[in-house]
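Data first, discussion second: the structure below is written as structure tokens.
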Amino acid sequence: MGFPEREILIDILQEFMILSRSVKIMARRNLTTAEIGDIVRTTRKAAGLRQDELAGAAGVGLRFIVDLEAGKPTAQIGKTLQVLSALGCSLDITPPPDTNGARPKGPQKA
């Protein structure tokens with residue numbers, strides 16, 4: 001038995017995404033890598049996907065999904081974002097209140 005076609009898998013995920021948007025998984029706070037892994041695993045299982053199916057839909061390897069769900073602290077951010085996107089999850093980043101989202105303009109002098 002081969003992998004399902006990517007388009008079919010994405011359609012399944014799109015339907016799940018609509019369902020999952022109405023549920024807040026966690027209140028705003030800092031997440032650990034283990035918590036991100038738990039969210040990925042829980043969302044994947046709720047969508048009825050195997051790890052290899054999610055890997056195919058997200059364009060990452062099976063080993064990456066295994067490591068991500070285990071909470072590996074050195075998981076690549078780009079691949080993690082691909083997996084979250086494939087599951088219909090979002091990631092919000094809020095800058096500290098005093099920065100207004102501004103980046104430093106160069107080397108800071110002491």
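Naming scheme: A, B, ... for chains in displayed order of the structure tokens; residues 1 onward per chain; ligands 1 onward as shown.
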
(message) Which residues are close to A:Arg44, i.e. within 12 Å by only C-alpha atoms, leaving aside same-chain residues fewer than 2 positions away? Reply as a PyMOL selection string.
(response) chain A and resi 9+12-13+16-17+20+37-42+46-55+57-58+65-66+69+83-89

Store the residues picked out above in a file with N, CA and C atoms, as an mmCIF file, in the first residue's frame.
data_model
loop_
_atom_site.group_PDB
_atom_site.id
_atom_site.type_symbol
_atom_site.label_atom_id
_atom_site.label_comp_id
_atom_site.auth_asym_id
_atom_site.auth_seq_id
_atom_site.Cartn_x
_atom_site.Cartn_y
_atom_site.Cartn_z
ATOM 1 N N LEU A 9 -4.693 14.213 0.822
ATOM 2 C CA LEU A 9 -4.335 14.388 2.221
ATOM 3 C C LEU A 9 -4.539 15.832 2.652
ATOM 4 N N ILE A 12 -8.137 16.512 3.293
ATOM 5 C CA ILE A 12 -8.551 16.006 4.601
ATOM 6 C C ILE A 12 -8.116 16.984 5.688
ATOM 7 N N LEU A 13 -6.902 17.477 5.586
ATOM 8 C CA LEU A 13 -6.400 18.414 6.584
ATOM 9 C C LEU A 13 -7.163 19.730 6.544
ATOM 10 N N PHE A 16 -10.232 19.315 8.513
ATOM 11 C CA PHE A 16 -9.913 19.276 9.932
ATOM 12 C C PHE A 16 -9.572 20.674 10.432
ATOM 13 N N MET A 17 -8.882 21.460 9.601
ATOM 14 C CA MET A 17 -8.467 22.793 9.999
ATOM 15 C C MET A 17 -9.679 23.635 10.376
ATOM 16 N N SER A 20 -10.721 22.577 13.802
ATOM 17 C CA SER A 20 -9.801 22.889 14.890
ATOM 18 C C SER A 20 -9.693 24.386 15.168
ATOM 19 N N GLY A 37 5.409 19.294 20.465
ATOM 20 C CA GLY A 37 5.323 17.908 20.019
ATOM 21 C C GLY A 37 3.987 17.275 20.373
ATOM 22 N N ASP A 38 3.503 17.535 21.577
ATOM 23 C CA ASP A 38 2.196 17.010 22.000
ATOM 24 C C ASP A 38 1.066 17.562 21.136
ATOM 25 N N ILE A 39 1.143 18.846 20.811
ATOM 26 C CA ILE A 39 0.116 19.468 19.963
ATOM 27 C C ILE A 39 0.130 18.825 18.580
ATOM 28 N N VAL A 40 1.315 18.638 18.017
ATOM 29 C CA VAL A 40 1.438 18.008 16.700
ATOM 30 C C VAL A 40 0.851 16.602 16.741
ATOM 31 N N ARG A 41 1.237 15.812 17.728
ATOM 32 C CA ARG A 41 0.753 14.430 17.832
ATOM 33 C C ARG A 41 -0.763 14.374 18.013
ATOM 34 N N THR A 42 -1.289 15.182 18.926
ATOM 35 C CA THR A 42 -2.728 15.192 19.202
ATOM 36 C C THR A 42 -3.522 15.618 17.974
ATOM 37 N N ALA A 46 -6.051 13.289 15.784
ATOM 38 C CA ALA A 46 -7.440 13.733 15.634
ATOM 39 C C ALA A 46 -7.840 13.793 14.162
ATOM 40 N N ALA A 47 -6.863 14.059 13.292
ATOM 41 C CA ALA A 47 -7.121 14.094 11.848
ATOM 42 C C ALA A 47 -7.102 12.695 11.238
ATOM 43 N N GLY A 48 -6.767 11.702 12.049
ATOM 44 C CA GLY A 48 -6.737 10.324 11.563
ATOM 45 C C GLY A 48 -5.558 10.024 10.656
ATOM 46 N N LEU A 49 -4.447 10.711 10.891
ATOM 47 C CA LEU A 49 -3.260 10.547 10.050
ATOM 48 C C LEU A 49 -2.181 9.742 10.757
ATOM 49 N N ARG A 50 -1.458 8.954 9.984
ATOM 50 C CA ARG A 50 -0.247 8.306 10.480
ATOM 51 C C ARG A 50 0.899 9.306 10.341
ATOM 52 N N GLN A 51 1.978 9.036 11.053
ATOM 53 C CA GLN A 51 3.141 9.918 10.981
ATOM 54 C C GLN A 51 3.678 10.021 9.564
ATOM 55 N N ASP A 52 3.721 8.911 8.822
ATOM 56 C CA ASP A 52 4.254 8.958 7.460
ATOM 57 C C ASP A 52 3.340 9.768 6.531
ATOM 58 N N GLU A 53 2.041 9.751 6.780
ATOM 59 C CA GLU A 53 1.113 10.543 5.966
ATOM 60 C C GLU A 53 1.309 12.037 6.223
ATOM 61 N N LEU A 54 1.486 12.399 7.486
ATOM 62 C CA LEU A 54 1.747 13.801 7.810
ATOM 63 C C LEU A 54 3.072 14.244 7.208
ATOM 64 N N ALA A 55 4.080 13.403 7.288
ATOM 65 C CA ALA A 55 5.391 13.744 6.713
ATOM 66 C C ALA A 55 5.245 14.033 5.225
ATOM 67 N N ALA A 57 2.512 14.984 3.581
ATOM 68 C CA ALA A 57 1.717 16.205 3.370
ATOM 69 C C ALA A 57 2.524 17.468 3.652
ATOM 70 N N ALA A 58 3.422 17.382 4.632
ATOM 71 C CA ALA A 58 4.217 18.550 5.030
ATOM 72 C C ALA A 58 5.511 18.688 4.242
ATOM 73 N N ILE A 65 9.169 13.965 11.815
ATOM 74 C CA ILE A 65 7.895 13.924 12.544
ATOM 75 C C ILE A 65 8.076 13.198 13.873
ATOM 76 N N VAL A 66 8.784 12.082 13.845
ATOM 77 C CA VAL A 66 9.045 11.319 15.071
ATOM 78 C C VAL A 66 9.764 12.201 16.086
ATOM 79 N N GLU A 69 7.471 15.193 17.375
ATOM 80 C CA GLU A 69 6.471 14.741 18.344
ATOM 81 C C GLU A 69 7.105 14.345 19.672
ATOM 82 N N VAL A 83 5.077 21.584 9.087
ATOM 83 C CA VAL A 83 4.217 20.578 9.714
ATOM 84 C C VAL A 83 3.003 21.250 10.343
ATOM 85 N N LEU A 84 3.228 22.333 11.078
ATOM 86 C CA LEU A 84 2.109 23.043 11.710
ATOM 87 C C LEU A 84 1.120 23.533 10.663
ATOM 88 N N SER A 85 1.627 24.047 9.563
ATOM 89 C CA SER A 85 0.770 24.524 8.480
ATOM 90 C C SER A 85 -0.037 23.386 7.868
ATOM 91 N N ALA A 86 0.607 22.245 7.641
ATOM 92 C CA ALA A 86 -0.093 21.099 7.061
ATOM 93 C C ALA A 86 -1.217 20.613 7.964
ATOM 94 N N LEU A 87 -1.055 20.803 9.276
ATOM 95 C CA LEU A 87 -2.083 20.391 10.230
ATOM 96 C C LEU A 87 -3.154 21.466 10.443
ATOM 97 N N GLY A 88 -2.933 22.640 9.865
ATOM 98 C CA GLY A 88 -3.895 23.720 10.056
ATOM 99 C C GLY A 88 -3.678 24.493 11.338
ATOM 100 N N CYS A 89 -2.531 24.281 11.972
ATOM 101 C CA CYS A 89 -2.199 25.003 13.204
ATOM 102 C C CYS A 89 -1.580 26.351 12.844
#

(request) Work out how far atom CA of A:Leu31 is from atom CA of A:Pro97, in Å to one decimal. (result) 18.5 Å

(message) Which residue is closest to A:Gly71? Choose from A:Ile36, A:Lys45, A:Leu91, A:Asn30 and count only C-alpha atoms.
(response) A:Ile36
